[in-house]
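Enquirer: Got start.pdb for you, PDB, C-alpha atoms and all ligand atoms:
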ATOM      1  CA  MET M   1     -12.657  10.668 -11.166
ATOM      2  CA  ARG M   2     -11.078   8.022 -13.397
ATOM      3  CA  THR M   3      -8.897   5.939 -11.082
ATOM      4  CA  SER M   4      -5.893   3.637 -11.494
ATOM      5  CA  ALA M   5      -5.113   1.196  -8.694
ATOM      6  CA  ILE M   6      -1.525   0.166  -8.012
ATOM      7  CA  ILE M   7      -0.994  -2.976  -5.930
ATOM      8  CA  VAL M   8       2.612  -3.279  -4.816
ATOM      9  CA  ALA M   9       3.422  -6.950  -4.378
ATOM     10  CA  ALA M  10       7.104  -7.204  -5.333
ATOM     11  CA  GLY M  11       8.450  -7.758  -1.805
ATOM     12  CA  SER M  12      10.376 -10.955  -1.176
ATOM     13  CA  GLY M  13       8.813 -11.611   2.222
ATOM     14  CA  SER M  14      12.197 -12.424   3.761
ATOM     15  CA  ARG M  15      10.910 -11.680   7.301
ATOM     16  CA  LEU M  16       8.016 -14.073   6.740
ATOM     17  CA  ALA M  17      10.447 -16.806   5.610
ATOM     18  CA  VAL M  18       7.904 -19.106   3.981
ATOM     19  CA  GLY M  19       9.969 -19.776   0.867
ATOM     20  CA  GLN M  20       7.793 -17.814  -1.570
ATOM     21  CA  PRO M  21       7.090 -14.137  -2.199
ATOM     22  CA  LYS M  22       4.764 -12.768   0.481
ATOM     23  CA  ALA M  23       1.928 -11.602  -1.787
ATOM     24  CA  PHE M  24       1.526 -15.176  -3.062
ATOM     25  CA  VAL M  25       1.128 -16.668   0.411
ATOM     26  CA  THR M  26      -2.468 -17.679   1.125
ATOM     27  CA  VAL M  27      -4.590 -16.231   3.925
ATOM     28  CA  GLY M  28      -8.104 -17.563   4.411
ATOM     29  CA  GLY M  29      -7.705 -19.742   1.304
ATOM     30  CA  ARG M  30      -6.710 -16.969  -1.130
ATOM     31  CA  THR M  31      -3.390 -15.279  -1.855
ATOM     32  CA  MET M  32      -2.827 -11.881  -0.257
ATOM     33  CA  LEU M  33      -2.627 -10.451  -3.780
ATOM     34  CA  CYS M  34      -6.019 -11.942  -4.697
ATOM     35  CA  HIS M  35      -7.637 -10.348  -1.604
ATOM     36  CA  SER M  36      -6.531  -6.850  -2.659
ATOM     37  CA  LEU M  37      -7.348  -7.398  -6.332
ATOM     38  CA  SER M  38     -10.903  -8.521  -5.513
ATOM     39  CA  THR M  39     -11.434  -5.463  -3.307
ATOM     40  CA  VAL M  40     -10.233  -2.933  -5.893
ATOM     41  CA  ALA M  41     -12.278  -4.741  -8.568
ATOM     42  CA  ALA M  42     -15.382  -3.236  -6.934
ATOM     43  CA  LEU M  43     -14.173   0.394  -7.103
ATOM     44  CA  ALA M  44     -16.294   2.808  -9.129
ATOM     45  CA  GLU M  45     -14.502   4.610 -11.968
ATOM     46  CA  LEU M  46     -11.622   2.095 -11.930
ATOM     47  CA  VAL M  47      -9.882   2.188 -15.323
ATOM     48  CA  GLU M  48      -6.982  -0.220 -14.719
ATOM     49  CA  VAL M  49      -4.885  -2.052 -12.153
ATOM     50  CA  VAL M  50      -1.077  -2.100 -12.170
ATOM     51  CA  VAL M  51       0.603  -4.829 -10.122
ATOM     52  CA  THR M  52       4.311  -5.038  -9.215
ATOM     53  CA  VAL M  53       5.680  -8.522  -8.572
ATOM     54  CA  PRO M  54       9.060 -10.166  -8.076
ATOM     55  CA  GLY M  55      10.724 -11.263 -11.356
ATOM     56  CA  ALA M  56       9.265 -14.457 -12.855
ATOM     57  CA  MET M  57       5.967 -14.119 -10.967
ATOM     58  CA  GLU M  58       4.161 -12.181 -13.716
ATOM     59  CA  ASN M  59       2.090 -15.138 -14.951
ATOM     60  CA  GLU M  60       1.044 -16.091 -11.414
ATOM     61  CA  ALA M  61      -0.081 -12.489 -10.862
ATOM     62  CA  ARG M  62      -2.167 -12.550 -14.059
ATOM     63  CA  ALA M  63      -3.802 -15.782 -12.867
ATOM     64  CA  GLU M  64      -4.647 -14.094  -9.538
ATOM     65  CA  ALA M  65      -6.192 -11.152 -11.430
ATOM     66  CA  ARG M  66      -8.443 -13.586 -13.343
ATOM     67  CA  ARG M  67      -9.396 -15.305 -10.076
ATOM     68  CA  ALA M  68     -10.267 -11.907  -8.565
ATOM     69  CA  GLY M  69     -12.726 -11.244 -11.415
ATOM     70  CA  LEU M  70     -11.246  -7.928 -12.573
ATOM     71  CA  ASN M  71     -13.017  -6.506 -15.591
ATOM     72  CA  VAL M  72     -10.516  -3.714 -16.334
ATOM     73  CA  PRO M  73      -7.064  -4.019 -17.965
ATOM     74  CA  VAL M  74      -4.391  -5.420 -15.617
ATOM     75  CA  LYS M  75      -0.751  -4.462 -16.181
ATOM     76  CA  VAL M  76       1.780  -6.664 -14.409
ATOM     77  CA  THR M  77       5.401  -5.581 -14.075
ATOM     78  CA  GLU M  78       8.509  -6.626 -12.223
ATOM     79  CA  GLY M  79       9.022  -4.316  -9.228
ATOM     80  CA  GLY M  80      12.145  -2.348  -8.289
ATOM     81  CA  ALA M  81      14.746  -2.749  -5.559
ATOM     82  CA  GLU M  82      12.715  -0.830  -2.959
ATOM     83  CA  ARG M  83       8.993  -0.238  -2.535
ATOM     84  CA  GLN M  84       9.415   3.355  -3.761
ATOM     85  CA  ASP M  85      11.058   2.063  -6.971
ATOM     86  CA  SER M  86       8.176  -0.364  -7.475
ATOM     87  CA  VAL M  87       5.601   2.431  -7.131
ATOM     88  CA  ARG M  88       7.559   4.677  -9.523
ATOM     89  CA  ILE M  89       7.683   1.890 -12.148
ATOM     90  CA  ALA M  90       3.954   1.170 -11.731
ATOM     91  CA  LEU M  91       3.070   4.868 -11.859
ATOM     92  CA  GLY M  92       4.934   5.118 -15.164
ATOM     93  CA  LEU M  93       2.594   2.454 -16.557
ATOM     94  CA  THR M  94      -0.638   4.171 -15.516
ATOM     95  CA  SER M  95      -2.653   5.539 -18.378
ATOM     96  CA  ALA M  96      -2.705   9.305 -18.966
ATOM     97  CA  GLU M  97      -6.523   9.283 -18.949
ATOM     98  CA  SER M  98      -6.618   8.434 -15.245
ATOM     99  CA  GLU M  99      -6.893  11.387 -12.870
ATOM    100  CA  LEU M 100      -6.424   9.610  -9.569
ATOM    101  CA  VAL M 101      -4.119   6.840  -8.345
ATOM    102  CA  VAL M 102      -4.795   4.658  -5.324
ATOM    103  CA  ILE M 103      -1.834   2.639  -4.038
ATOM    104  CA  HIS M 104      -2.139  -0.393  -1.834
ATOM    105  CA  ASP M 105       0.324  -2.873  -0.283
ATOM    106  CA  ALA M 106      -0.558  -6.491  -1.055
ATOM    107  CA  ALA M 107       0.738  -7.163   2.470
ATOM    108  CA  ARG M 108      -2.565  -5.682   3.822
ATOM    109  CA  PRO M 109      -5.178  -8.152   2.553
ATOM    110  CA  PHE M 110      -8.080  -6.971   4.752
ATOM    111  CA  ALA M 111      -8.357  -3.305   3.729
ATOM    112  CA  PRO M 112     -12.114  -2.930   3.207
ATOM    113  CA  LEU M 113     -13.651  -1.426   0.072
ATOM    114  CA  ALA M 114     -15.110   1.415   2.161
ATOM    115  CA  LEU M 115     -11.607   2.432   3.260
ATOM    116  CA  PHE M 116     -10.471   2.670  -0.380
ATOM    117  CA  GLU M 117     -13.592   4.693  -1.153
ATOM    118  CA  ARG M 118     -13.060   7.100   1.746
ATOM    119  CA  CYS M 119      -9.412   7.681   0.760
ATOM    120  CA  ILE M 120     -10.427   8.275  -2.864
ATOM    121  CA  GLU M 121     -13.241  10.661  -1.871
ATOM    122  CA  ALA M 122     -10.837  12.663   0.304
ATOM    123  CA  ALA M 123      -8.189  12.757  -2.444
ATOM    124  CA  VAL M 124     -10.764  13.984  -4.973
ATOM    125  CA  ARG M 125     -11.512  16.825  -2.544
ATOM    126  CA  SER M 126      -8.023  17.685  -1.336
ATOM    127  CA  GLY M 127      -5.475  15.972  -3.609
ATOM    128  CA  ALA M 128      -4.006  13.378  -1.241
ATOM    129  CA  ALA M 129      -5.359  11.135   1.522
ATOM    130  CA  ILE M 130      -4.113   8.054   3.345
ATOM    131  CA  ALA M 131      -5.450   5.442   5.735
ATOM    132  CA  ALA M 132      -3.925   5.742   9.214
ATOM    133  CA  ILE M 133      -4.603   4.797  12.836
ATOM    134  CA  PRO M 134      -3.768   6.766  15.987
ATOM    135  CA  ALA M 135      -0.706   5.391  17.817
ATOM    136  CA  ALA M 136      -2.066   3.385  20.754
ATOM    137  CA  ASP M 137       1.140   2.298  22.512
ATOM    138  CA  THR M 138       3.618   4.448  24.394
ATOM    139  CA  LEU M 139       6.483   5.128  21.994
ATOM    140  CA  LYS M 140      10.194   4.917  22.859
ATOM    141  CA  ARG M 141      13.179   5.925  20.750
ATOM    142  CA  VAL M 142      15.770   3.180  21.282
ATOM    143  CA  GLU M 143      19.403   2.641  20.350
ATOM    144  CA  GLU M 144      21.234  -0.583  21.142
ATOM    145  CA  ARG M 145      18.326  -1.760  23.310
ATOM    146  CA  ARG M 146      18.466   1.368  25.474
ATOM    147  CA  ILE M 147      15.721   3.942  25.621
ATOM    148  CA  LEU M 148      16.890   7.389  24.549
ATOM    149  CA  GLU M 149      13.538   9.087  25.020
ATOM    150  CA  THR M 150       9.784   8.664  25.248
ATOM    151  CA  VAL M 151       8.055  10.204  22.258
ATOM    152  CA  PRO M 152       4.712  11.760  23.240
ATOM    153  CA  ARG M 153       2.116   9.891  21.209
ATOM    154  CA  ALA M 154      -0.443  12.684  21.108
ATOM    155  CA  GLY M 155      -1.086  13.494  17.459
ATOM    156  CA  LEU M 156       0.970  10.532  16.187
ATOM    157  CA  TYR M 157      -0.582   8.193  13.628
ATOM    158  CA  GLN M 158       0.625   4.996  12.006
ATOM    159  CA  ALA M 159       0.377   5.284   8.233
ATOM    160  CA  GLN M 160      -1.241   2.439   6.322
ATOM    161  CA  THR M 161      -2.397   1.902   2.774
ATOM    162  CA  PRO M 162      -4.579   2.537   0.764
ATOM    163  CA  GLN M 163      -3.128   5.941  -0.139
ATOM    164  CA  ALA M 164      -4.877   7.981  -2.838
ATOM    165  CA  PHE M 165      -3.486  10.926  -4.811
ATOM    166  CA  ARG M 166      -4.261  13.068  -7.811
ATOM    167  CA  ARG M 167      -2.156  11.366 -10.462
ATOM    168  CA  GLN M 168      -0.218  14.493 -11.518
ATOM    169  CA  LEU M 169       0.614  15.315  -7.890
ATOM    170  CA  LEU M 170       2.011  11.828  -7.295
ATOM    171  CA  ILE M 171       4.052  11.939 -10.514
ATOM    172  CA  ALA M 172       5.513  15.296  -9.406
ATOM    173  CA  ALA M 173       6.294  13.901  -5.925
ATOM    174  CA  HIS M 174       8.125  10.857  -7.318
ATOM    175  CA  GLU M 175      10.058  12.993  -9.791
ATOM    176  CA  HIS M 176      11.044  15.427  -7.015
ATOM    177  CA  ALA M 177      12.216  12.474  -4.878
ATOM    178  CA  ARG M 178      14.144  10.860  -7.718
ATOM    179  CA  THR M 179      16.089  13.984  -8.660
ATOM    180  CA  ARG M 180      16.922  14.757  -5.013
ATOM    181  CA  ARG M 181      17.614  11.121  -4.034
ATOM    182  CA  ILE M 182      14.922  11.220  -1.371
ATOM    183  CA  SER M 183      13.813   7.803  -0.154
ATOM    184  CA  ALA M 184      10.674   7.132   1.827
ATOM    185  CA  THR M 185       8.700   4.130   2.997
ATOM    186  CA  ASP M 186       5.357   5.498   1.823
ATOM    187  CA  ASP M 187       4.097   7.763  -0.944
ATOM    188  CA  ALA M 188       2.500  10.303   1.373
ATOM    189  CA  ASP M 189       5.992  11.221   2.615
ATOM    190  CA  LEU M 190       7.043  12.114  -0.941
ATOM    191  CA  VAL M 191       3.971  14.335  -1.355
ATOM    192  CA  GLU M 192       4.562  15.952   2.066
ATOM    193  CA  ARG M 193       8.076  16.868   0.887
ATOM    194  CA  LEU M 194       6.508  18.916  -1.908
ATOM    195  CA  GLY M 195       4.843  20.953   0.829
ATOM    196  CA  GLU M 196       1.406  19.609  -0.076
ATOM    197  CA  ILE M 197      -1.284  18.700   2.435
ATOM    198  CA  VAL M 198      -2.060  15.004   2.908
ATOM    199  CA  GLU M 199      -5.310  14.114   4.708
ATOM    200  CA  ILE M 200      -5.763  11.252   7.149
ATOM    201  CA  VAL M 201      -8.650   8.819   6.832
ATOM    202  CA  GLU M 202      -9.100   6.980  10.108
ATOM    203  CA  ALA M 203      -8.729   3.220   9.589
ATOM    204  CA  SER M 204      -8.715   0.193  11.860
ATOM    205  CA  ALA M 205      -6.089  -2.180  13.223
ATOM    206  CA  LEU M 206      -7.895  -4.924  11.269
ATOM    207  CA  ASN M 207      -6.113  -3.472   8.235
ATOM    208  CA  LEU M 208      -3.149  -5.496   9.435
ATOM    209  CA  LYS M 209       0.167  -5.480   7.600
ATOM    210  CA  ILE M 210       1.553  -8.979   7.416
ATOM    211  CA  THR M 211       5.281  -9.011   8.036
ATOM    212  CA  THR M 212       6.123 -11.907  10.371
ATOM    213  CA  ARG M 213       4.920 -15.444  11.030
ATOM    214  CA  SER M 214       2.872 -14.263  14.002
ATOM    215  CA  ASP M 215       1.155 -11.654  11.786
ATOM    216  CA  LEU M 216       0.215 -14.532   9.503
ATOM    217  CA  GLU M 217      -1.375 -16.393  12.430
ATOM    218  CA  ILE M 218      -3.341 -13.275  13.405
ATOM    219  CA  ALA M 219      -4.337 -12.853   9.752
ATOM    220  CA  GLU M 220      -5.747 -16.394   9.600
ATOM    221  CA  ALA M 221      -7.824 -15.626  12.696
ATOM    222  CA  ILE M 222      -9.111 -12.385  11.123
ATOM    223  CA  ALA M 223      -9.923 -14.222   7.872
ATOM    224  CA  ALA M 224     -11.878 -16.870   9.803
ATOM    225  CA  THR M 225     -13.857 -14.153  11.627
ATOM    226  CA  LEU M 226     -14.610 -12.229   8.432
ATOM    227  CA  ALA M 227     -15.773 -15.434   6.715
ATOM    228  CA  ARG M 228     -18.407 -16.072   9.410
TER     229      ARG M 228
HETATM  230  O1  LIG H   1       8.405  -5.043   2.745
HETATM  231  P1  LIG H   1       7.095  -4.401   3.091
HETATM  232  O2  LIG H   1       6.076  -5.401   3.596
HETATM  233  O3  LIG H   1       7.202  -3.183   3.924
HETATM  234  O4  LIG H   1       6.524  -3.903   1.703
HETATM  235  C1  LIG H   1       5.297  -3.212   1.586
HETATM  236  C2  LIG H   1       4.653  -3.562   0.254
HETATM  237  O5  LIG H   1       5.487  -3.140  -0.818
HETATM  238  C3  LIG H   1       4.448  -5.085   0.083
HETATM  239  O6  LIG H   1       3.150  -5.334  -0.412
HETATM  240  C4  LIG H   1       5.550  -5.472  -0.876
HETATM  241  O7  LIG H   1       5.210  -6.569  -1.719
HETATM  242  C5  LIG H   1       5.754  -4.203  -1.713
HETATM  243  N1  LIG H   1       7.138  -4.058  -2.230
HETATM  244  C6  LIG H   1       7.330  -3.881  -3.592
HETATM  245  N2  LIG H   1       8.622  -3.743  -4.054
HETATM  246  C7  LIG H   1       9.676  -3.807  -3.236
HETATM  247  C8  LIG H   1       9.472  -3.973  -1.840
HETATM  248  C9  LIG H   1       8.180  -4.082  -1.357
HETATM  249  O8  LIG H   1       6.366  -3.869  -4.383
HETATM  250  N3  LIG H   1      10.902  -3.702  -3.735
END
Would you write out, as structure tokens, the structure that this file holds?
Ligand code: C5P

Expert:
Amino acid sequence: MRTSAIIVAAGSGSRLAVGQPKAFVTVGGRTMLCHSLSTVAALAELVEVVVTVPGAMENEARAEARRAGLNVPVKVTEGGAERQDSVRIALGLTSAESELVVIHDAARPFAPLALFERCIEAAVRSGAAIAAIPAADTLKRVEERRILETVPRAGLYQAQTPQAFRRQLLIAAHEHARTRRISATDDADLVERLGEIVEIVEASALNLKITTRSDLEIAEAIAATLAR
């Protein structure tokens, strides 16, 4: 199926506090954005890539796309206030000829090509599929540093990206969310709210999301291991 990739990279990275937008921070000698762009560059049936960036970073993003060796059109746009707004803006720029959209957070630079492929394969079959890992820790609901309850972790997964959807389904989910003022931290949630099934593709903790300085240290260690 003809596929558009959306890389959301418009976050400010305030929790990382390195003085530049997170997606432009280097890990293993390349920006996080470049890692994701080079991975999606190898996808079969890729027709285009849409990238959301903070305002004034458009040219830097285009330079990263050249570095990543993409040989499909790359559309770069300023993102929105929240991640969901960024995805909606990017989705609006995807070409009508594409049948499938795969969304990925630039903050996860190590998502392997095979994980993208498995999510896409599942979405071709069932409409929607996301990378996720089973919750490994015991989970507590906490308020003001006090535990309210222990949440049984059986059947609980942590959602990651990539997340792949039939394009028309994702457009319908975002439109439904916009008209009802629903906000969500991932796209699967918006599709779930339409009552549609979303499949899980089991991923690995190596598909780390970089949020804090210590995540960045772990990421450098992962990059060094992968380079060996
Ligand atoms: O902030 P967080 O790391 O959860 O964001 C997840 C992804 O969404 C990141 O890759 C970030 O750049 C992107 N994002 C975005 N637009 C926003 C906020 C986050 O594209 N307004």

Enquirer: As a check of understanding, name the residues that the PyMOL selection byres (((chain M and resi 142-157) around 12) and not hetatm) selects in the supplied structure, as a PyMOL selection string.

Expert: chain M and resi 130-141+158-160+199-205

Enquirer: I need the residue set behind the PyMOL selection byres (((not hetatm)) within 9 of (chain H and resi 1)) for this file; please write it as a PyMOL selection string.

Expert: chain M and resi 7-15+21-23+32-33+51-54+78-87+104-108+185-186+209-211

Enquirer: Kindly assemble as CSV a list of the range 108-137 of chain M residues that lie within 12 Å of range 170-174 of chain M, each paired with its nearest atom pair and their distance in Å to one decimal, using all atoms listed in the file, sorted first by chain and then by ascending residue number.

Expert:
residue,atom,partner,partner_atom,distance
M:Ala123,CA,M:Leu170,CA,11.3
M:Gly127,CA,M:Leu170,CA,9.3
M:Ala128,CA,M:Leu170,CA,8.7
M:Ala129,CA,M:Leu170,CA,11.5

Enquirer: Can you translate the PyMOL selection byres (((chain M and resi 4) around 9) and not hetatm) into the concrete residues it hits in this file, as a PDB file with C-alpha atoms, keeping the file's coordinate frame?

Expert:
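Generated output (selection-v8.pdb):
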ATOM      1  CA  ARG M   2     -11.078   8.022 -13.397  1.00  0.00           C
ATOM      2  CA  THR M   3      -8.897   5.939 -11.082  1.00  0.00           C
ATOM      3  CA  ALA M   5      -5.113   1.196  -8.694  1.00  0.00           C
ATOM      4  CA  ILE M   6      -1.525   0.166  -8.012  1.00  0.00           C
ATOM      5  CA  GLU M  45     -14.502   4.610 -11.968  1.00  0.00           C
ATOM      6  CA  LEU M  46     -11.622   2.095 -11.930  1.00  0.00           C
ATOM      7  CA  VAL M  47      -9.882   2.188 -15.323  1.00  0.00           C
ATOM      8  CA  GLU M  48      -6.982  -0.220 -14.719  1.00  0.00           C
ATOM      9  CA  VAL M  49      -4.885  -2.052 -12.153  1.00  0.00           C
ATOM     10  CA  VAL M  50      -1.077  -2.100 -12.170  1.00  0.00           C
ATOM     11  CA  THR M  94      -0.638   4.171 -15.516  1.00  0.00           C
ATOM     12  CA  SER M  95      -2.653   5.539 -18.378  1.00  0.00           C
ATOM     13  CA  SER M  98      -6.618   8.434 -15.245  1.00  0.00           C
ATOM     14  CA  GLU M  99      -6.893  11.387 -12.870  1.00  0.00           C
ATOM     15  CA  LEU M 100      -6.424   9.610  -9.569  1.00  0.00           C
ATOM     16  CA  VAL M 101      -4.119   6.840  -8.345  1.00  0.00           C
ATOM     17  CA  VAL M 102      -4.795   4.658  -5.324  1.00  0.00           C
ATOM     18  CA  ILE M 103      -1.834   2.639  -4.038  1.00  0.00           C
ATOM     19  CA  ARG M 167      -2.156  11.366 -10.462  1.00  0.00           C
TER      20      ARG M 167
END

Enquirer: Measuring atom to atom with only C-alpha atoms, identify which of M:Phe110, M:Ser36, M:Arg118, M:Gly55 is nearest to Ala221 in chain M.

Expert: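 The shortest atom-to-atom distance to Ala221 in chain M comes from M:Phe110.
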
Enquirer: With distances taken over all atoms listed in the file, which of M:Asn207, M:Cys119, M:Ala184, M:Thr77 is nearest to Ala223 in chain M?

Expert: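 That would be M:Asn207, the residue with the smallest distance to Ala223 in chain M.
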
Enquirer: Which polymer residues have any atom within 8 Å of an atom of Ala41 in chain M, counting all atoms listed in the file, with same-chain residues fewer than 5 positions away left out, as a ChimeraX atom specification?

Expert: /M:46,68-71

Enquirer: Do you have the CA of Leu113 in chain M-CA of Val191 in chain M distance handy?

Expert: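 These two atoms are separated by 23.7 Å.
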
Enquirer: Enter the distance from CA of Asp215 in chain M to CA of Thr26 in chain M, in Å, rounded to one decimal.

Expert: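 CA of Thr26 in chain M lies 12.8 Å from CA of Asp215 in chain M.
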
Enquirer: Enter the distance from CA of Glu175 in chain M to CA of Val198 in chain M, in Å, rounded to one decimal.

Expert: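 Separation of CA of Glu175 in chain M and CA of Val198 in chain M: 17.7 Å.
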
Enquirer: Find, counting all atoms listed in the file, the residue in M:Asp189, M:Glu217, M:Glu196, M:Glu117 that gets nearest to Ala42 in chain M.

Expert: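 The answer is M:Glu117, which sits nearest to Ala42 in chain M.
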
Enquirer: To box range 79-84 of chain M, take all atoms listed in the file, fit an axis-aligned box, add 3 Å on each side, and give centre and edge lengths in Å to one decimal, as AutoDock Vina command-line options.

Expert:
--center_x 11.9 --center_y -0.5 --center_z -5.9 --size_x 11.8 --size_y 13.7 --size_z 12.7

Enquirer: Might you pull out every residue within 12 Å of Glu220 in chain M, with only C-alpha atoms counted and same-chain residues fewer than 6 positions away left off, and present them as a list in words?

Expert: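 In the requested format, the answer is Val25, Thr26, Val27, Gly28, Gly29, Arg30, Thr31, Met32, Pro109, Phe110, Leu206, Leu208, Ile210, Arg213, Ser214, Leu226 and Ala227 of chain M.
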